[in-house]
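One structure is given below, encoded as C-alpha cells.
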Amino acid sequence: MPVDGLPHGVDPGKASVARMYDAMLGGEHNFAIDREAVAAFTAIDPQVRTLARANRAFLGRAVRFLTDAGVRQFIDLGSGIPTQGNVHEVAQTAAPGARVVYVDNDPVAVAHSEALLADNPDATIVAADIRRPQEILAAPGVRKLIDFEQPVAVLMITILHFVTPREDPAAIVAAFRDALPAGGWLALTHATDEDRPDTAAAVGQLYRDRATSPVTARSHDAIEALFDGFDLVDPGLVHVPLWRPGPGDEIPRNPSSYWVYAGVGRKSS
C-alpha cells in the first residue's frame with residue numbers, strides 16, 4: 001500500500017534520482033524531499049540546473065543525429081520522468097513511426113510515462129532496472145516494439161554513474177552491445193571526477209546520504225572505455241555542451257565546468 005499518499009515502491013525517506021532530475025529541469029513531478037536534495041546539490045554547484053538543461057539538450061541533438069543516420073528504434077535506459085523533449089517526441093517528429101522503449105525503475109517515472117504514452121502505439125515504458133539487462137532485453141514491451149535485426153540505438157543518459165564499480169557498468173553496456181546488430185548505436189552521458197574532483201566528491205556524498213542511488217563519477221578514459229566495441233563519431237567523448245552544438249547553442253568559455261562527458265558510438269562491424 002502507498003505510504004502517506006506516495007505510490008507503491010517509493011521510499012519516503014530518500015530522494016529519488018529521477019525526481020531530483022525532474023526538479024532540476026523545473027518539472028512538477030517531484031516531492032519536497034527531492035527539492036531539498038536539489039537545493040543541497042545547488043549549494044555545492046550553483047549551476048546544477050544549467051548542467052541538467054545542457055544534458056537534456058544533448059539528448060535531443062543525439063536523437064536527431066541518430067534519426068538522420070537512419071535509426072528508427074530507441075531504448076532509453078533510466079529514462080526518468082517525462083518532460084519536454086522526450087525521445088519519442090524528438091524521434092517521431094523527425095521520423096513518424098519511430099519506436100521508443102523507455103526503461104526506468106522509479107515508480108513515479110513509470111506511472112507518468114504510462115499516462116503519457118497511453119495513446120502512442122509506437123512507444124512504451126518498461127519497469128525494470130538497468131543492472132539486469134537480460135530482463136530488459138526479454139521484456140514483452142521491448143520484444144513487441146524493437147526488432148534487433150534492424151538498427152537500434154541504446155541511450156544511457158546520466159545513468160551509468162549511478163552504477164557502482166561492484167555492479168560492473170562495463171558488463172551492463174556489453175550486454176546491450178551484444179544484443180545490437182552491427183551498426184547499432186550507443187549514446188551516453190556520464191559525470192566525471194577529473195575536472196572538479198572536490199565537487200564530484202561532495203555530490204557523490206550527497207547522493208549516498210540522501211538519494212536512492214549513489215554516484216560514481218569516472219575519468220575520461222574510464223568513460224571512453226565503456227564504448228568498447230563501438231566507434232565514437234566526431235567529436236568523440238567531449239564535455240556535454242561541445243557535442244555537435246547547433247547554430248544557436250551557446251558554447252561555454254569554460255566547458256570543463258560542465259563536468260559531464262557525452263558521446264555517441266556506432267557498433268563495430
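Starting from 1 in every chain, residues are counted up; chains themselves are A, B, ... following the order of the C-alpha cells, and ligands are numbered from 1 as listed.
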Point to revise | Close residues, Ala62 of chain A itself excluded, 9 Å, only C-alpha atoms, min 5 positions apart in chain, as a PyMOL selection string | key: chain A and resi 57+67+187+243-244+263-264
What's around Gly80 of chain A at 7 Å? Count only C-alpha atoms, leave out sequence neighbours fewer than 6 positions away in its own chain, and write the answer as a PDB file with all heavy atoms, in the first residue's frame.
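The resulting result-v9.pdb:
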ATOM      1  N   ALA A  18      15.378  10.041 -10.228  1.00  0.00           N
ATOM      2  CA  ALA A  18      14.514  10.506 -11.317  1.00  0.00           C
ATOM      3  C   ALA A  18      13.782  11.793 -10.934  1.00  0.00           C
ATOM      4  O   ALA A  18      13.677  12.729 -11.721  1.00  0.00           O
ATOM      5  CB  ALA A  18      13.510   9.417 -11.690  1.00  0.00           C
ATOM      6  N   ASP A 104      12.726   2.391 -16.781  1.00  0.00           N
ATOM      7  CA  ASP A 104      13.070   3.026 -15.513  1.00  0.00           C
ATOM      8  C   ASP A 104      12.553   2.165 -14.375  1.00  0.00           C
ATOM      9  O   ASP A 104      11.606   1.396 -14.564  1.00  0.00           O
ATOM     10  CB  ASP A 104      12.478   4.441 -15.413  1.00  0.00           C
ATOM     11  CG  ASP A 104      13.333   5.354 -14.537  1.00  0.00           C
ATOM     12  OD1 ASP A 104      13.308   5.170 -13.304  1.00  0.00           O
ATOM     13  OD2 ASP A 104      14.030   6.224 -15.063  1.00  0.00           O
ATOM     14  N   ALA A 109       8.245   7.726 -12.183  1.00  0.00           N
ATOM     15  CA  ALA A 109       8.612   7.830 -13.592  1.00  0.00           C
ATOM     16  C   ALA A 109       7.788   6.871 -14.447  1.00  0.00           C
ATOM     17  O   ALA A 109       7.299   7.239 -15.529  1.00  0.00           O
ATOM     18  CB  ALA A 109      10.098   7.557 -13.774  1.00  0.00           C
TER      19      ALA A 109
END
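Residue nearest Ser113 of chain A, chosen from A:Ile81, A:Ile172, A:Gln92, A:Pro140 and counting only C-alpha atoms: A:Ile81.
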**Study point:** Within 12 Å of segment 209-213 of chain A using only C-alpha atoms, minus same-chain residues under 2 positions, as a PyMOL selection string
**Key:** chain A and resi 9-21+33-41+105-106+129+159-164+202-207+215-216
Report as CSV the residues of segment 226-266 of chain A within 8 Å of segment 195-198 of chain A, each with its shortest atom pair and distance in Å (one decimal), using only C-alpha atoms, ordered by chain and increasing residue number.
residue,atom,partner,partner_atom,distance
A:Ser256,CA,A:Asp195,CA,5.9
A:Ser257,CA,A:Asp195,CA,7.2
A:Trp259,CA,A:Asp195,CA,6.2
Selection file, C-alpha atoms, as a JSON list (two decimals), in the first residue's frame:
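Result file is out09.json:
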[["chain", "number", "residue", "atom", "x", "y", "z"],
["A", 256, "SER", "CA", 35.07, 21.76, -18.12],
["A", 257, "SER", "CA", 32.72, 23.50, -15.67],
["A", 259, "TRP", "CA", 31.56, 18.10, -15.51]]
Practice item. Compile the contact shell of Pro241 of chain A as a ChimeraX atom specification: residues with an atom at most 12 Å away, counting only C-alpha atoms, same-chain residues fewer than 5 positions apart removed. Key: /A:50-62,189,235,246,249-263
Let me see the file: selected residues, C-alpha atoms, as a PDB file, in the first residue's frame.
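So result.pdb came out as:
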ATOM      1  CA  THR A  50      22.255  24.662 -16.219  1.00  0.00           C
ATOM      2  CA  LEU A  51      24.113  21.369 -16.355  1.00  0.00           C
ATOM      3  CA  ALA A  52      20.849  19.420 -16.324  1.00  0.00           C
ATOM      4  CA  ARG A  53      19.493  21.503 -19.200  1.00  0.00           C
ATOM      5  CA  ALA A  54      22.720  21.014 -21.166  1.00  0.00           C
ATOM      6  CA  ASN A  55      22.434  17.268 -20.638  1.00  0.00           C
ATOM      7  CA  ARG A  56      18.827  17.321 -21.823  1.00  0.00           C
ATOM      8  CA  ALA A  57      19.787  19.381 -24.872  1.00  0.00           C
ATOM      9  CA  PHE A  58      22.429  16.803 -25.766  1.00  0.00           C
ATOM     10  CA  LEU A  59      19.756  14.096 -25.687  1.00  0.00           C
ATOM     11  CA  GLY A  60      17.736  15.998 -28.279  1.00  0.00           C
ATOM     12  CA  ARG A  61      20.753  16.571 -30.510  1.00  0.00           C
ATOM     13  CA  ALA A  62      21.798  12.925 -30.256  1.00  0.00           C
ATOM     14  CA  THR A 189      26.486  10.951 -20.794  1.00  0.00           C
ATOM     15  CA  PRO A 235      33.804  14.933 -31.941  1.00  0.00           C
ATOM     16  CA  GLY A 246      23.601  23.752 -33.069  1.00  0.00           C
ATOM     17  CA  ASP A 249      23.650  26.956 -28.963  1.00  0.00           C
ATOM     18  CA  GLU A 250      25.919  28.834 -26.601  1.00  0.00           C
ATOM     19  CA  ILE A 251      29.448  27.464 -26.291  1.00  0.00           C
ATOM     20  CA  PRO A 252      30.705  27.990 -22.731  1.00  0.00           C
ATOM     21  CA  ARG A 253      34.064  29.658 -22.278  1.00  0.00           C
ATOM     22  CA  ASN A 254      34.988  27.008 -19.740  1.00  0.00           C
ATOM     23  CA  PRO A 255      33.427  23.718 -20.943  1.00  0.00           C
ATOM     24  CA  SER A 256      35.067  21.760 -18.119  1.00  0.00           C
ATOM     25  CA  SER A 257      32.720  23.496 -15.673  1.00  0.00           C
ATOM     26  CA  TYR A 258      30.129  21.158 -17.218  1.00  0.00           C
ATOM     27  CA  TRP A 259      31.564  18.096 -15.511  1.00  0.00           C
ATOM     28  CA  VAL A 260      29.697  15.589 -17.654  1.00  0.00           C
ATOM     29  CA  TYR A 261      31.052  13.902 -20.776  1.00  0.00           C
ATOM     30  CA  ALA A 262      28.913  12.963 -23.765  1.00  0.00           C
ATOM     31  CA  GLY A 263      29.488  10.685 -26.709  1.00  0.00           C
TER      32      GLY A 263
END
Point to revise | Spatial neighbours of Pro82 of chain A, 9 Å, only C-alpha atoms, chain gap at least 3 places, as number ranges by chain | key: A: 22, 27, 79, 85-86, 109, 112-113, 116
Exercise for review: Return as an NGL selection string the full set of residues in segment 75-175 of chain A whose backbone-based DSSP assignment is helix (DSSP H, G or I).
Suggested key: :A and (87-94 or 107-117 or 133-138 or 140-145 or 160-162 or 165-167 or 169-175)
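Interatomic distance, atom CA of Ala170 of chain A to atom CA of Tyr102 of chain A: 20.7 Å.
Across A:Trp185, A:Phe148, A:Phe227, A:Phe65, the tightest approach to Pro169 of chain A is made by A:Phe227 when counting only C-alpha atoms.
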Practice item. Output as a PyMOL selection string all residues of segment 57-256 of chain A that backbone DSSP marks as strand (DSSP E or B). Key: chain A and resi 73-77+99-104+123-127+153-157+185-192+211+218+230-232+238-239
List the spatial neighbours of Ser219 of chain A as a JSON list (two decimals) with all heavy atoms, in the first residue's frame - criterion: any atom at most 7 Å away, only C-alpha atoms, same-chain residues fewer than 5 positions off excluded.
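selection-v1.json, written as the output of this step:
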[["chain", "number", "residue", "atom", "x", "y", "z"],
["A", 192, "THR", "N", 32.02, 13.17, -14.57],
["A", 192, "THR", "CA", 33.46, 12.93, -14.43],
["A", 192, "THR", "C", 33.98, 13.57, -13.14],
["A", 192, "THR", "O", 33.47, 14.59, -12.69],
["A", 192, "THR", "CB", 34.24, 13.48, -15.64],
["A", 192, "THR", "OG1", 35.63, 13.21, -15.46],
["A", 192, "THR", "CG2", 34.05, 14.99, -15.78],
["A", 193, "ASP", "N", 35.02, 12.95, -12.60],
["A", 193, "ASP", "CA", 35.67, 13.50, -11.41],
["A", 193, "ASP", "C", 37.01, 14.14, -11.74],
["A", 193, "ASP", "O", 37.78, 14.47, -10.84],
["A", 193, "ASP", "CB", 35.85, 12.41, -10.35],
["A", 193, "ASP", "CG", 36.62, 11.20, -10.86],
["A", 193, "ASP", "OD1", 37.08, 11.23, -12.03],
["A", 193, "ASP", "OD2", 36.74, 10.21, -10.12],
["A", 194, "GLU", "N", 37.31, 14.31, -13.03],
["A", 194, "GLU", "CA", 38.60, 14.88, -13.42],
["A", 194, "GLU", "C", 38.63, 16.40, -13.35],
["A", 194, "GLU", "O", 39.62, 16.99, -12.93],
["A", 194, "GLU", "CB", 38.97, 14.43, -14.84],
["A", 194, "GLU", "CG", 39.42, 12.99, -14.92],
["A", 194, "GLU", "CD", 39.99, 12.64, -16.28],
["A", 194, "GLU", "OE1", 39.69, 13.34, -17.27],
["A", 194, "GLU", "OE2", 40.73, 11.66, -16.35]]
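Taking only C-alpha atoms into account, Arg266 of chain A lies nearest to A:Arg177 out of the set A:Arg143, A:Arg99, A:Arg177, A:Arg132.
Of the residues listed (A:Asp178, A:Val238, A:Leu155, A:Arg208), A:Val238 shows the shortest atom-to-atom separation from Asp221 of chain A; distances use only C-alpha atoms.
In this structure, atom CA of Asp228 of chain A sits 18.1 Å away from atom CA of Thr158 of chain A.
Taking atom CA of Ala217 of chain A and atom CA of Leu66 of chain A as endpoints, the distance between them is 26.3 Å.
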